[in-house]
$ cat structure06.txt   # compact mmCIF, C-alpha atoms
# COMPACT_ATOMS: atom_id res chain seq x y z
CA MET A 1 -20.37 14.26 9.62
CA THR A 2 -19.57 17.46 7.78
CA ILE A 3 -17.76 17.50 4.46
CA ARG A 4 -16.29 20.83 3.46
CA ASN A 5 -15.23 20.03 -0.11
CA TYR A 6 -16.32 17.39 -2.61
CA LEU A 7 -14.04 16.95 -5.60
CA LYS A 8 -14.46 14.81 -8.71
CA PRO A 9 -11.13 14.72 -10.54
CA ARG A 10 -11.26 13.64 -14.18
CA SER A 11 -7.69 12.35 -14.43
CA LEU A 12 -4.99 10.90 -12.21
CA GLN A 13 -3.14 14.21 -12.49
CA GLU A 14 -6.18 16.06 -11.19
CA MET A 15 -6.55 13.48 -8.42
CA LEU A 16 -2.92 13.96 -7.33
CA GLU A 17 -3.33 17.73 -7.47
CA ALA A 18 -6.43 17.45 -5.26
CA LYS A 19 -4.53 15.24 -2.82
CA ARG A 20 -1.65 17.71 -2.74
CA LYS A 21 -3.99 20.61 -1.98
CA HIS A 22 -6.00 18.64 0.58
CA PRO A 23 -3.64 16.23 2.36
CA LYS A 24 -6.32 15.24 4.88
CA SER A 25 -8.80 14.27 2.16
CA LYS A 26 -10.38 10.82 1.85
CA PHE A 27 -11.34 8.90 -1.25
CA VAL A 28 -14.89 7.81 -1.92
CA ALA A 29 -15.72 5.06 -4.43
CA GLY A 30 -19.16 3.43 -4.13
CA GLY A 31 -19.69 5.16 -0.82
CA THR A 32 -21.31 2.25 1.00
CA LEU A 33 -18.75 2.44 3.80
CA VAL A 34 -17.83 6.13 3.82
CA VAL A 35 -21.43 7.35 3.88
CA LYS A 36 -22.29 5.03 6.78
CA SER A 37 -19.09 5.67 8.70
CA ASN A 38 -18.85 7.75 11.81
CA TYR A 39 -15.86 9.73 10.66
CA PRO A 40 -15.61 13.09 12.32
CA ASP A 41 -15.59 16.03 9.94
CA ILE A 42 -14.00 15.30 6.59
CA ASP A 43 -12.13 18.20 5.10
CA THR A 44 -12.40 16.94 1.54
CA LEU A 45 -13.83 13.89 -0.20
CA ILE A 46 -12.28 12.91 -3.52
CA ASP A 47 -14.76 10.98 -5.66
CA ILE A 48 -12.92 8.58 -8.00
CA GLN A 49 -15.83 7.69 -10.31
CA ASP A 50 -14.51 9.71 -13.26
CA LEU A 51 -11.01 8.17 -13.30
CA GLY A 52 -11.97 5.34 -15.67
CA LEU A 53 -11.40 2.67 -13.04
CA ASN A 54 -14.67 0.77 -13.52
CA ARG A 55 -13.11 -1.67 -15.96
CA ILE A 56 -11.54 -5.09 -16.15
CA ARG A 57 -8.40 -5.51 -18.23
CA ILE A 58 -7.84 -9.04 -19.48
CA THR A 59 -4.55 -10.31 -20.90
CA ASP A 60 -3.15 -13.82 -21.30
CA GLU A 61 -1.27 -13.43 -18.03
CA GLU A 62 -3.59 -11.52 -15.73
CA TYR A 63 -6.81 -9.74 -14.91
CA GLY A 64 -6.47 -6.07 -14.03
CA ILE A 65 -9.53 -4.97 -12.09
CA GLY A 66 -9.88 -1.21 -11.78
CA SER A 67 -10.52 -0.19 -8.20
CA PHE A 68 -13.89 1.43 -9.04
CA THR A 69 -15.22 -1.86 -10.47
CA THR A 70 -18.42 -2.86 -8.71
CA PHE A 71 -19.12 -6.37 -7.52
CA THR A 72 -22.02 -6.53 -9.98
CA SER A 73 -19.55 -5.82 -12.79
CA ILE A 74 -17.29 -8.59 -11.49
CA MET A 75 -20.22 -11.03 -11.41
CA GLU A 76 -21.18 -10.09 -14.96
CA SER A 77 -17.60 -10.18 -16.27
CA ASP A 78 -15.64 -12.86 -18.15
CA ILE A 79 -13.29 -13.36 -15.23
CA ASP A 80 -12.52 -17.04 -14.85
CA CYS A 81 -9.96 -17.34 -12.14
CA CYS A 82 -9.66 -20.08 -9.52
CA GLY A 83 -12.83 -21.57 -10.95
CA ASP A 84 -15.66 -19.22 -10.16
CA LEU A 85 -14.11 -17.98 -6.92
CA MET A 86 -14.24 -14.30 -7.94
CA LYS A 87 -17.92 -14.51 -8.79
CA LYS A 88 -18.71 -16.54 -5.67
CA PHE A 89 -17.28 -14.02 -3.27
CA ALA A 90 -18.66 -11.07 -5.26
CA ARG A 91 -22.14 -12.59 -4.92
CA HIS A 92 -21.92 -12.55 -1.15
CA ILE A 93 -20.71 -8.99 -0.68
CA GLY A 94 -24.30 -8.06 -0.03
CA PRO A 95 -27.67 -7.89 -1.74
CA VAL A 96 -28.14 -6.47 -5.25
CA THR A 97 -28.48 -2.90 -3.96
CA ILE A 98 -25.04 -3.12 -2.34
CA ARG A 99 -23.28 -5.03 -5.12
CA ASN A 100 -24.42 -2.42 -7.63
CA VAL A 101 -22.38 0.30 -5.92
CA ALA A 102 -19.80 -1.36 -3.68
CA THR A 103 -16.40 -1.53 -5.37
CA ILE A 104 -13.49 -3.90 -5.05
CA GLY A 105 -11.22 -0.97 -4.23
CA GLY A 106 -13.47 0.27 -1.45
CA ASN A 107 -13.69 -3.21 0.01
CA VAL A 108 -9.93 -3.84 -0.04
CA MET A 109 -9.17 -0.43 1.45
CA SER A 110 -11.91 -0.54 4.09
CA GLY A 111 -9.50 -1.81 6.71
CA PHE A 112 -12.07 -4.14 8.25
CA ASN A 113 -10.74 -7.54 9.22
CA TRP A 114 -14.04 -9.25 8.38
CA ASN A 115 -13.53 -8.14 4.80
CA ASP A 116 -14.97 -10.54 2.18
CA THR A 117 -12.35 -9.76 -0.42
CA LEU A 118 -9.02 -10.42 1.25
CA PRO A 119 -9.07 -14.25 1.62
CA PRO A 120 -9.87 -14.91 -2.08
CA LEU A 121 -7.30 -12.31 -3.14
CA LEU A 122 -4.72 -13.96 -0.87
CA LEU A 123 -5.46 -17.34 -2.43
CA MET A 124 -5.17 -15.91 -5.94
CA GLU A 125 -1.86 -14.17 -5.13
CA ALA A 126 -3.27 -10.77 -6.10
CA LYS A 127 -1.12 -7.70 -6.45
CA LEU A 128 -2.27 -4.16 -5.75
CA VAL A 129 -1.26 -1.10 -7.74
CA PHE A 130 -1.40 2.25 -5.96
CA GLU A 131 -1.06 5.81 -7.17
CA GLY A 132 0.30 8.42 -4.81
CA MET A 133 2.31 11.60 -4.54
CA GLU A 134 5.50 9.62 -4.99
CA GLY A 135 4.34 7.78 -8.06
CA ARG A 136 2.97 4.33 -8.81
CA ARG A 137 3.67 1.50 -6.40
CA GLU A 138 2.87 -2.21 -6.70
CA THR A 139 2.67 -4.57 -3.75
CA GLY A 140 1.53 -8.11 -3.04
CA ILE A 141 -1.70 -8.52 -1.11
CA GLU A 142 0.13 -10.16 1.82
CA ALA A 143 2.53 -7.22 2.15
CA PHE A 144 -0.44 -4.84 1.99
CA ILE A 145 -2.22 -6.64 4.85
CA GLU A 146 0.97 -6.46 6.94
CA ASN A 147 1.47 -2.72 6.34
CA ARG A 148 -1.90 -1.19 5.52
CA THR A 149 -1.08 2.17 7.04
CA LEU A 150 1.64 2.74 4.44
CA PHE A 151 -1.06 2.93 1.79
CA LYS A 152 -3.83 4.83 3.56
CA ASP A 153 -3.25 8.07 1.66
CA MET A 154 -2.71 6.41 -1.71
CA LEU A 155 -5.31 5.64 -4.34
CA LEU A 156 -5.77 1.94 -5.03
CA TYR A 157 -5.63 1.99 -8.82
CA GLU A 158 -5.90 -1.65 -9.81
CA VAL A 159 -6.12 -5.17 -8.40
CA ILE A 160 -4.07 -7.59 -10.49
CA ILE A 161 -4.90 -11.27 -10.40
CA PRO A 162 -2.55 -13.69 -12.18
CA ARG A 163 -4.27 -16.10 -14.55
CA LYS A 164 -3.30 -19.62 -13.71
CA ASP A 165 -4.99 -22.96 -13.57
CA VAL A 166 -5.03 -24.15 -9.98
CA GLY A 167 -7.59 -26.91 -10.46
CA LYS A 168 -10.51 -27.28 -8.09
CA VAL A 169 -11.08 -24.65 -5.44
CA TYR A 170 -12.59 -25.03 -1.98
CA TYR A 171 -14.58 -22.05 -0.69
CA SER A 172 -16.62 -21.72 2.47
CA ARG A 173 -18.26 -18.62 3.83
CA PHE A 174 -20.06 -18.64 7.16
CA SER A 175 -22.47 -15.84 8.05
CA ARG A 176 -25.72 -15.42 9.96
CA THR A 177 -27.64 -14.81 6.74
CA GLU A 178 -26.58 -15.18 3.12
CA ASP A 179 -25.80 -11.49 2.68
CA ASP A 180 -24.61 -10.65 6.19
CA ILE A 181 -21.05 -9.74 7.08
CA PRO A 182 -19.05 -12.98 7.21
CA THR A 183 -18.00 -14.71 10.40
CA SER A 184 -15.48 -16.87 8.57
CA ILE A 185 -14.17 -17.24 5.02
CA VAL A 186 -11.84 -20.01 3.94
CA ALA A 187 -10.63 -20.69 0.41
CA ALA A 188 -8.14 -23.31 -0.72
CA HIS A 189 -6.65 -25.15 -3.65
CA LYS A 190 -4.13 -27.93 -4.02
CA ASP A 191 -0.55 -26.76 -4.32
CA GLY A 192 1.74 -29.60 -5.34
CA GLY A 193 1.65 -32.09 -2.48
CA LYS A 194 0.18 -29.49 -0.16
CA VAL A 195 -2.94 -27.38 0.12
CA ARG A 196 -2.80 -23.59 -0.12
CA ILE A 197 -5.31 -22.22 2.37
CA ALA A 198 -6.48 -18.61 2.82
CA CYS A 199 -8.43 -17.67 5.95
CA GLY A 200 -10.19 -14.48 6.90
CA ALA A 201 -13.16 -12.80 8.59
CA SER A 202 -12.75 -14.92 11.75
CA VAL A 203 -9.17 -13.86 12.37
CA LEU A 204 -7.65 -10.48 13.18
CA LYS A 205 -5.28 -10.68 10.25
CA PRO A 206 -6.25 -12.65 7.13
CA PHE A 207 -3.49 -15.05 6.08
CA VAL A 208 -2.55 -17.67 3.50
CA LYS A 209 -0.37 -20.74 4.01
CA SER A 210 0.58 -23.87 2.14
CA ILE A 211 0.46 -26.92 4.37
CA ALA A 212 0.07 -30.69 4.12
CA ALA A 213 -3.64 -31.48 3.93
CA ASP A 214 -3.48 -33.73 7.01
CA GLN A 215 -2.15 -30.82 9.04
CA ALA A 216 -4.70 -28.26 7.86
CA GLU A 217 -6.36 -28.05 11.27
CA SER A 218 -3.09 -26.99 12.89
CA LEU A 219 -3.55 -23.56 11.25
CA GLY A 220 -6.60 -22.98 13.43
CA ILE A 221 -4.79 -23.70 16.69
CA ASP A 222 -1.59 -21.86 15.84
CA PRO A 223 -0.98 -19.55 18.86
CA GLY A 224 0.00 -16.80 16.43
CA VAL A 225 -3.51 -16.69 14.96
CA LYS A 226 -5.73 -14.25 16.86
CA TYR A 227 -9.50 -14.34 16.51
CA ILE A 228 -12.02 -11.52 16.29
CA ASP A 229 -14.28 -11.20 19.32
CA ASP A 230 -17.39 -9.24 18.31
CA LEU A 231 -21.17 -9.20 18.16
CA ARG A 232 -21.17 -11.92 15.48
CA GLY A 233 -19.50 -14.38 17.80
CA ASN A 234 -16.75 -14.55 20.37
CA ALA A 235 -13.20 -15.60 19.59
CA GLU A 236 -13.76 -19.20 20.67
CA PHE A 237 -16.80 -19.48 18.40
CA LYS A 238 -14.79 -18.12 15.47
CA ARG A 239 -11.96 -20.55 16.21
CA LYS A 240 -14.35 -23.50 16.15
CA ILE A 241 -15.88 -22.38 12.86
CA LEU A 242 -12.46 -22.04 11.27
CA LEU A 243 -11.44 -25.45 12.60
CA ALA A 244 -14.58 -26.99 11.08
CA SER A 245 -13.67 -25.56 7.66
CA LEU A 246 -10.08 -26.72 7.99
CA LYS A 247 -11.27 -30.24 8.84
CA GLU A 248 -13.50 -30.09 5.77
CA ILE A 249 -10.51 -29.04 3.65
CA LYS A 250 -8.58 -32.10 4.84
CA GLU A 251 -11.41 -34.33 3.59
CA TRP A 252 -11.87 -32.25 0.43
CA ALA A 253 -8.18 -32.58 -0.41
CA HIS A 254 -8.34 -36.38 -0.11
CA GLU A 255 -11.45 -36.59 -2.29
CA ASN A 256 -10.20 -34.27 -5.05
CA MET B 1 -22.35 22.54 -4.42
CA LYS B 2 -24.32 22.46 -7.67
CA ILE B 3 -25.63 19.09 -8.85
CA LYS B 4 -27.34 18.23 -12.12
CA ILE B 5 -29.39 15.02 -12.24
CA VAL B 6 -31.95 13.63 -14.64
CA ILE B 7 -34.81 12.42 -12.46
CA ASN B 8 -37.60 10.49 -14.18
CA ASN B 9 -36.51 11.92 -17.54
CA GLU B 10 -36.60 15.50 -16.26
CA PHE B 11 -33.43 17.57 -16.00
CA LYS B 12 -33.02 18.97 -12.48
CA GLU B 13 -30.49 21.25 -10.83
CA PHE B 14 -29.85 21.46 -7.11
CA ASN B 15 -27.62 23.49 -4.85
CA VAL B 16 -26.92 21.44 -1.74
CA PRO B 17 -24.25 21.00 0.96
CA CYS B 18 -21.53 18.47 0.03
CA ASP B 19 -22.68 15.93 2.62
CA THR B 20 -26.32 15.80 1.49
CA LYS B 21 -27.47 12.25 1.08
CA LEU B 22 -29.40 11.36 -2.03
CA ILE B 23 -32.46 10.31 -0.01
CA ASP B 24 -32.65 13.77 1.57
CA LEU B 25 -32.28 15.56 -1.74
CA LEU B 26 -35.04 13.46 -3.29
CA ARG B 27 -37.51 13.71 -0.43
CA ASP B 28 -36.92 17.45 -0.05
CA ALA B 29 -37.56 17.79 -3.77
CA GLY B 30 -40.93 16.08 -3.40
CA TYR B 31 -40.13 12.50 -4.37
CA LYS B 32 -41.91 11.10 -1.33
CA SER B 33 -42.04 7.52 -2.66
CA VAL B 34 -38.43 7.31 -1.49
CA LYS B 35 -38.90 6.04 2.07
CA ARG B 36 -36.53 6.44 4.98
CA GLY B 37 -36.19 3.00 6.56
CA CYS B 38 -32.95 1.83 8.12
CA SER B 39 -30.64 4.61 6.82
CA THR B 40 -27.84 2.02 6.62
CA GLY B 41 -28.47 0.39 3.25
CA ASP B 42 -30.07 -2.71 4.70
CA CYS B 43 -33.81 -2.45 3.96
CA GLY B 44 -34.23 -1.08 0.42
CA ALA B 45 -37.14 1.23 1.31
CA CYS B 46 -35.19 4.13 -0.15
CA ALA B 47 -34.19 2.28 -3.34
CA VAL B 48 -34.01 4.15 -6.63
CA ILE B 49 -32.68 3.15 -10.02
CA LEU B 50 -29.39 4.83 -10.87
CA ASP B 51 -28.25 4.41 -14.48
CA GLY B 52 -30.33 1.22 -14.71
CA LYS B 53 -29.12 -0.31 -11.44
CA LEU B 54 -31.01 -0.54 -8.17
CA VAL B 55 -29.25 1.34 -5.36
CA ASN B 56 -30.03 2.56 -1.85
CA SER B 57 -30.33 6.33 -1.78
CA CYS B 58 -29.60 6.44 1.97
CA ILE B 59 -25.98 5.41 1.51
CA LEU B 60 -25.15 7.60 -1.47
CA TYR B 61 -24.15 11.22 -1.38
CA ALA B 62 -26.22 13.29 -3.77
CA ALA B 63 -22.90 14.51 -5.20
CA GLN B 64 -22.12 10.98 -6.38
CA THR B 65 -25.12 11.13 -8.71
CA ASP B 66 -24.18 14.43 -10.34
CA GLY B 67 -24.42 13.88 -14.10
CA HIS B 68 -26.39 10.64 -13.80
CA ALA B 69 -29.98 9.52 -14.41
CA LEU B 70 -32.36 8.36 -11.70
CA ILE B 71 -35.75 6.72 -11.64
CA THR B 72 -38.02 6.88 -8.62
CA LEU B 73 -41.43 5.27 -8.31
CA GLU B 74 -43.00 8.56 -9.48
CA GLY B 75 -41.28 7.92 -12.81
CA LEU B 76 -43.15 4.67 -13.41
CA GLY B 77 -46.62 6.14 -13.62
CA ASP B 78 -49.30 7.70 -11.44
CA ILE B 79 -52.73 6.90 -10.09
CA ASN B 80 -54.35 7.65 -13.44
CA SER B 81 -51.82 5.72 -15.44
CA PRO B 82 -50.25 3.14 -13.15
CA HIS B 83 -47.37 0.95 -14.25
CA ILE B 84 -48.22 -2.70 -14.81
CA LEU B 85 -46.21 -3.60 -11.69
CA SER B 86 -48.35 -1.24 -9.59
CA LYS B 87 -51.43 -2.99 -10.94
CA THR B 88 -50.18 -6.51 -10.31
CA PHE B 89 -48.93 -5.61 -6.80
CA ALA B 90 -52.42 -4.33 -5.97
CA ALA B 91 -54.19 -7.25 -7.62
CA ALA B 92 -52.01 -9.86 -5.88
CA GLY B 93 -52.45 -8.25 -2.46
CA ALA B 94 -48.70 -7.68 -2.40
CA VAL B 95 -49.17 -4.38 -0.56
CA GLN B 96 -49.78 -4.54 3.17
CA CYS B 97 -48.45 -1.57 5.13
CA GLY B 98 -47.00 -0.30 1.85
CA PHE B 99 -43.76 1.04 3.24
CA CYS B 100 -41.53 -1.30 1.26
CA THR B 101 -43.68 -1.17 -1.88
CA PRO B 102 -41.88 1.61 -3.81
CA GLY B 103 -38.54 -0.14 -3.34
CA MET B 104 -40.06 -3.52 -4.17
CA ILE B 105 -41.62 -2.21 -7.38
CA LEU B 106 -38.39 -0.51 -8.46
CA ALA B 107 -36.39 -3.67 -7.70
CA SER B 108 -38.89 -5.66 -9.77
CA TYR B 109 -38.71 -3.09 -12.57
CA ALA B 110 -34.90 -3.24 -12.58
CA LEU B 111 -35.21 -7.01 -12.95
CA LEU B 112 -37.87 -7.02 -15.66
CA ILE B 113 -36.17 -4.52 -17.95
CA ASN B 114 -33.38 -7.07 -18.38
CA ASN B 115 -35.17 -10.36 -17.81
CA LYS B 116 -38.64 -10.78 -19.27
CA LYS B 117 -39.15 -14.26 -17.88
CA PRO B 118 -37.55 -14.45 -14.45
CA SER B 119 -37.62 -17.60 -12.35
CA LYS B 120 -38.69 -17.50 -8.71
CA GLU B 121 -35.01 -17.74 -7.74
CA GLU B 122 -34.14 -14.78 -9.95
CA ILE B 123 -36.95 -12.74 -8.40
CA ALA B 124 -35.73 -13.60 -4.90
CA GLU B 125 -32.22 -12.56 -5.92
CA ALA B 126 -33.42 -9.29 -7.49
CA LEU B 127 -35.39 -8.43 -4.34
CA SER B 128 -32.62 -9.53 -1.97
CA GLY B 129 -31.92 -5.95 -0.90
CA ASN B 130 -35.54 -5.15 -0.10
CA LEU B 131 -37.13 -6.12 3.19
CA CYS B 132 -40.89 -6.39 3.75
CA ARG B 133 -41.62 -5.95 7.44
CA CYS B 134 -45.07 -7.46 6.89
CA THR B 135 -43.29 -10.53 5.43
CA GLY B 136 -45.51 -10.55 2.34
CA TYR B 137 -42.86 -12.03 0.09
CA GLU B 138 -44.96 -14.76 -1.50
CA LYS B 139 -47.54 -12.31 -2.83
CA ILE B 140 -44.82 -9.96 -3.98
CA GLU B 141 -43.26 -12.82 -5.92
CA GLN B 142 -46.67 -13.63 -7.46
CA ALA B 143 -47.09 -9.98 -8.45
CA VAL B 144 -43.73 -9.91 -10.20
CA LEU B 145 -44.44 -13.15 -12.06
CA LYS B 146 -47.82 -11.76 -13.17
CA ALA B 147 -46.30 -8.47 -14.28
CA ALA B 148 -43.67 -10.33 -16.29
CA GLU B 149 -46.41 -12.35 -17.96
CA GLU B 150 -48.43 -9.20 -18.75
CA MET B 151 -45.36 -7.42 -20.09
CA ARG B 152 -44.56 -10.33 -22.40
CA LYS B 153 -48.14 -10.31 -23.69
CA GLY B 154 -47.88 -6.60 -24.38
CA GLU B 155 -44.82 -6.95 -26.57
$ encode --input "structure06.txt" --output "structure tokens"
Amino acid sequence: MTIRNYLKPRSLQEMLEAKRKHPKSKFVAGGTLVVKSNYPDIDTLIDIQDLGLNRIRITDEEYGIGSFTTFTSIMESDIDCCGDLMKKFARHIGPVTIRNVATIGGNVMSGFNWNDTLPPLLLMEAKLVFEGMEGRRETGIEAFIENRTLFKDMLLYEVIIPRKDVGKVYYSRFSRTEDDIPTSIVAAHKDGGKVRIACGASVLKPFVKSIAADQAESLGIDPGVKYIDDLRGNAEFKRKILLASLKEIKEWAHEN
Amino acid sequence: MKIKIVINNEFKEFNVPCDTKLIDLLRDAGYKSVKRGCSTGDCGACAVILDGKLVNSCILYAAQTDGHALITLEGLGDINSPHILSKTFAAAGAVQCGFCTPGMILASYALLINNKKPSKEEIAEALSGNLCRCTGYEKIEQAVLKAAEEMRKGE
């Protein structure tokens, strides 16, 4: 991979100017994915470390996590949302050496379906704030997953997580080793008489649905849900793992 | 591009291509304790401390560290004046082939500067990004516990 230009803007204005001059440029945050990627030549990399986005904004209504915030910073923060769900999934992004540089923005924007971050963000009804040539744009995480390509040239500025008490949270993460890429992630909380369930890593498109607890397993056999077939397990294996978690949720919902 | 980095408390300037990885910059500059293992951020042999945090230099561009401070194993002492961790690693037999040792010692150092009395679980967590292909983890853990004890005595 050859990179012709490496820019480090010090403000959003400078970032937009860089993007205008180099429309084919890519952003780099922690670098754990970009550096390892097999991109062909990159005209220009725009490093976002000097944009002040390694910070967590806390108000009574929400947490605003800057896109350059590392998973170590999230683990060490005062975030208390959906129990300790944020800290739980941050812990499993990888070992210390990865968590110290990998950022929430990089993870959300990676485009990988096995992404650790998307199911918890779906459960927590996160919103994403982007900065681009046409100004600031806010979108729900579900809409982002449906239309990722719309945002590929925009800078993810902030991840907003509403603060609300949802009671106990179910979280399961299945992987070959503790720090390996996940094969399945399922998170859930009670939602009135139903259970709100977010699934990812095993499926081609992470999703969230509210459903009666007794019918939780039906999510796993929905013909509209497509499974990932890769070196970590074939589609049938992934389906069985998801079904096991959904069965567990049914029991968890009755016990809690 | 020009890059300025503080390495082991020394100010350094480099002129490197934009896509130079940090591991290559360091090894070319003579910091040979930084080992090339997996090149994918999985083994920790190339670990260095960047602004107090342990990171893999194989998955960082050198440009990302412009204006930052690094510590490599060379910064923790030398053969005439070894760091306490180097001594306890040797004394505990925590060094077999030695390839993972620089990364292991830096990971241990990054832990001990913030936690003077780590538990075995905290040591395992701090070393979670460092693989020992000789599987000498138990002795490495003993070395870290001993170093922590010695460092507390020295305070």
$ interface_residues --input "structure06.txt" --of "chain B" --to "chain A" --cutoff "7 Å" --atoms "all atoms listed in the file" --output "ChimeraX atom specification"
/B:18-19,40,53-56,59-60,126,128-129
$ residues_around --input "structure06.txt" --residues "region 190-206 of chain A" --least-positions-apart "5" --cutoff "9 Å" --atoms "all atoms listed in the file" --output "JSON, numbers by chain"
{"A": [112, 113, 114, 115, 116, 117, 118, 119, 120, 121, 122, 123, 142, 145, 146, 166, 167, 168, 169, 170, 181, 182, 183, 184, 185, 211, 212, 213, 216, 225, 226, 227, 228, 229, 235, 238, 239, 241, 242, 246, 249, 250, 253, 256]}
$ write_last_selection --input "structure06.txt" --atoms "C-alpha atoms" --output "tab-separated table (two decimals), in the frame of the given file"
chain	number	residue	atom	x	y	z
A	112	PHE	CA	-12.07	-4.14	8.25
A	113	ASN	CA	-10.74	-7.54	9.22
A	114	TRP	CA	-14.04	-9.25	8.38
A	115	ASN	CA	-13.53	-8.14	4.80
A	116	ASP	CA	-14.97	-10.54	2.18
A	117	THR	CA	-12.35	-9.76	-0.42
A	118	LEU	CA	-9.02	-10.42	1.25
A	119	PRO	CA	-9.07	-14.25	1.62
A	120	PRO	CA	-9.87	-14.91	-2.08
A	121	LEU	CA	-7.30	-12.31	-3.14
A	122	LEU	CA	-4.72	-13.96	-0.87
A	123	LEU	CA	-5.46	-17.34	-2.43
A	142	GLU	CA	0.13	-10.16	1.82
A	145	ILE	CA	-2.22	-6.64	4.85
A	146	GLU	CA	0.97	-6.46	6.94
A	166	VAL	CA	-5.03	-24.15	-9.98
A	167	GLY	CA	-7.59	-26.91	-10.46
A	168	LYS	CA	-10.51	-27.28	-8.09
A	169	VAL	CA	-11.08	-24.65	-5.44
A	170	TYR	CA	-12.59	-25.03	-1.98
A	181	ILE	CA	-21.05	-9.74	7.08
A	182	PRO	CA	-19.05	-12.98	7.21
A	183	THR	CA	-18.00	-14.71	10.40
A	184	SER	CA	-15.48	-16.87	8.57
A	185	ILE	CA	-14.17	-17.24	5.02
A	211	ILE	CA	0.46	-26.92	4.37
A	212	ALA	CA	0.07	-30.69	4.12
A	213	ALA	CA	-3.64	-31.48	3.93
A	216	ALA	CA	-4.70	-28.26	7.86
A	225	VAL	CA	-3.51	-16.69	14.96
A	226	LYS	CA	-5.73	-14.25	16.86
A	227	TYR	CA	-9.50	-14.34	16.51
A	228	ILE	CA	-12.02	-11.52	16.29
A	229	ASP	CA	-14.28	-11.20	19.32
A	235	ALA	CA	-13.20	-15.60	19.59
A	238	LYS	CA	-14.79	-18.12	15.47
A	239	ARG	CA	-11.96	-20.55	16.21
A	241	ILE	CA	-15.88	-22.38	12.86
A	242	LEU	CA	-12.46	-22.04	11.27
A	246	LEU	CA	-10.08	-26.72	7.99
A	249	ILE	CA	-10.51	-29.04	3.65
A	250	LYS	CA	-8.58	-32.10	4.84
A	253	ALA	CA	-8.18	-32.58	-0.41
A	256	ASN	CA	-10.20	-34.27	-5.05
$ residues_around --input "structure06.txt" --residues "region 117-124 of chain B" --least-positions-apart "4" --cutoff "8 Å" --atoms "only C-alpha atoms" --output "list in words"
Ser108, Leu111, Leu112, Ser128, Glu141, Val144, Leu145, Ala148 and Glu149 of chain B
$ residues_near_point --input "structure06.txt" --point "(-32.6, 15.3, -10.5)" --cutoff "9 Å" --atoms "all atoms listed in the file" --output "PyMOL selection string"
chain B and resi 3-14+25-26+29+65-66+68-70
$ closest_residue --input "structure06.txt" --among "A:Asp165, A:Glu217, A:Glu158, A:Asp41" --to "Cys82 (chain A)" --atoms "all atoms listed in the file"
A:Asp165
$ residues_around --input "structure06.txt" --residues "Leu16 (chain A)" --least-positions-apart "4" --cutoff "10 Å" --atoms "all atoms listed in the file" --output "VMD selection string"
chain A and resid 9 11 to 12 20 to 23 131 to 135 154 to 155
$ build_atoms --input "structure06.txt" --residues "region 119-131 of chain A" --atoms "N, CA and C atoms" --output "PDB file, keeping the file's coordinate frame"
ATOM      1  N   PRO A 119      -9.470 -12.836   1.748  1.00  0.00           N
ATOM      2  CA  PRO A 119      -9.070 -14.250   1.620  1.00  0.00           C
ATOM      3  C   PRO A 119      -8.995 -14.740   0.165  1.00  0.00           C
ATOM      4  N   PRO A 120     -10.011 -14.463  -0.676  1.00  0.00           N
ATOM      5  CA  PRO A 120      -9.870 -14.910  -2.080  1.00  0.00           C
ATOM      6  C   PRO A 120      -8.676 -14.253  -2.780  1.00  0.00           C
ATOM      7  N   LEU A 121      -8.438 -12.970  -2.502  1.00  0.00           N
ATOM      8  CA  LEU A 121      -7.300 -12.310  -3.140  1.00  0.00           C
ATOM      9  C   LEU A 121      -5.975 -12.902  -2.661  1.00  0.00           C
ATOM     10  N   LEU A 122      -5.926 -13.304  -1.386  1.00  0.00           N
ATOM     11  CA  LEU A 122      -4.720 -13.960  -0.870  1.00  0.00           C
ATOM     12  C   LEU A 122      -4.502 -15.289  -1.603  1.00  0.00           C
ATOM     13  N   LEU A 123      -5.583 -16.034  -1.761  1.00  0.00           N
ATOM     14  CA  LEU A 123      -5.460 -17.340  -2.430  1.00  0.00           C
ATOM     15  C   LEU A 123      -4.983 -17.158  -3.865  1.00  0.00           C
ATOM     16  N   MET A 124      -5.487 -16.118  -4.510  1.00  0.00           N
ATOM     17  CA  MET A 124      -5.170 -15.910  -5.940  1.00  0.00           C
ATOM     18  C   MET A 124      -3.868 -15.144  -6.147  1.00  0.00           C
ATOM     19  N   GLU A 125      -3.152 -14.875  -5.056  1.00  0.00           N
ATOM     20  CA  GLU A 125      -1.860 -14.170  -5.130  1.00  0.00           C
ATOM     21  C   GLU A 125      -1.995 -12.816  -5.844  1.00  0.00           C
ATOM     22  N   ALA A 126      -3.003 -12.068  -5.458  1.00  0.00           N
ATOM     23  CA  ALA A 126      -3.270 -10.770  -6.100  1.00  0.00           C
ATOM     24  C   ALA A 126      -2.175  -9.759  -5.765  1.00  0.00           C
ATOM     25  N   LYS A 127      -2.014  -8.835  -6.688  1.00  0.00           N
ATOM     26  CA  LYS A 127      -1.120  -7.700  -6.450  1.00  0.00           C
ATOM     27  C   LYS A 127      -1.966  -6.421  -6.511  1.00  0.00           C
ATOM     28  N   LEU A 128      -1.541  -5.426  -5.778  1.00  0.00           N
ATOM     29  CA  LEU A 128      -2.270  -4.160  -5.750  1.00  0.00           C
ATOM     30  C   LEU A 128      -1.400  -3.056  -6.324  1.00  0.00           C
ATOM     31  N   VAL A 129      -1.996  -2.229  -7.169  1.00  0.00           N
ATOM     32  CA  VAL A 129      -1.260  -1.100  -7.740  1.00  0.00           C
ATOM     33  C   VAL A 129      -1.832   0.185  -7.153  1.00  0.00           C
ATOM     34  N   PHE A 130      -0.970   0.998  -6.587  1.00  0.00           N
ATOM     35  CA  PHE A 130      -1.400   2.250  -5.960  1.00  0.00           C
ATOM     36  C   PHE A 130      -0.828   3.448  -6.716  1.00  0.00           C
ATOM     37  N   GLU A 131      -1.555   4.531  -6.656  1.00  0.00           N
ATOM     38  CA  GLU A 131      -1.060   5.810  -7.170  1.00  0.00           C
ATOM     39  C   GLU A 131      -0.981   6.779  -5.995  1.00  0.00           C
TER      40      GLU A 131
END
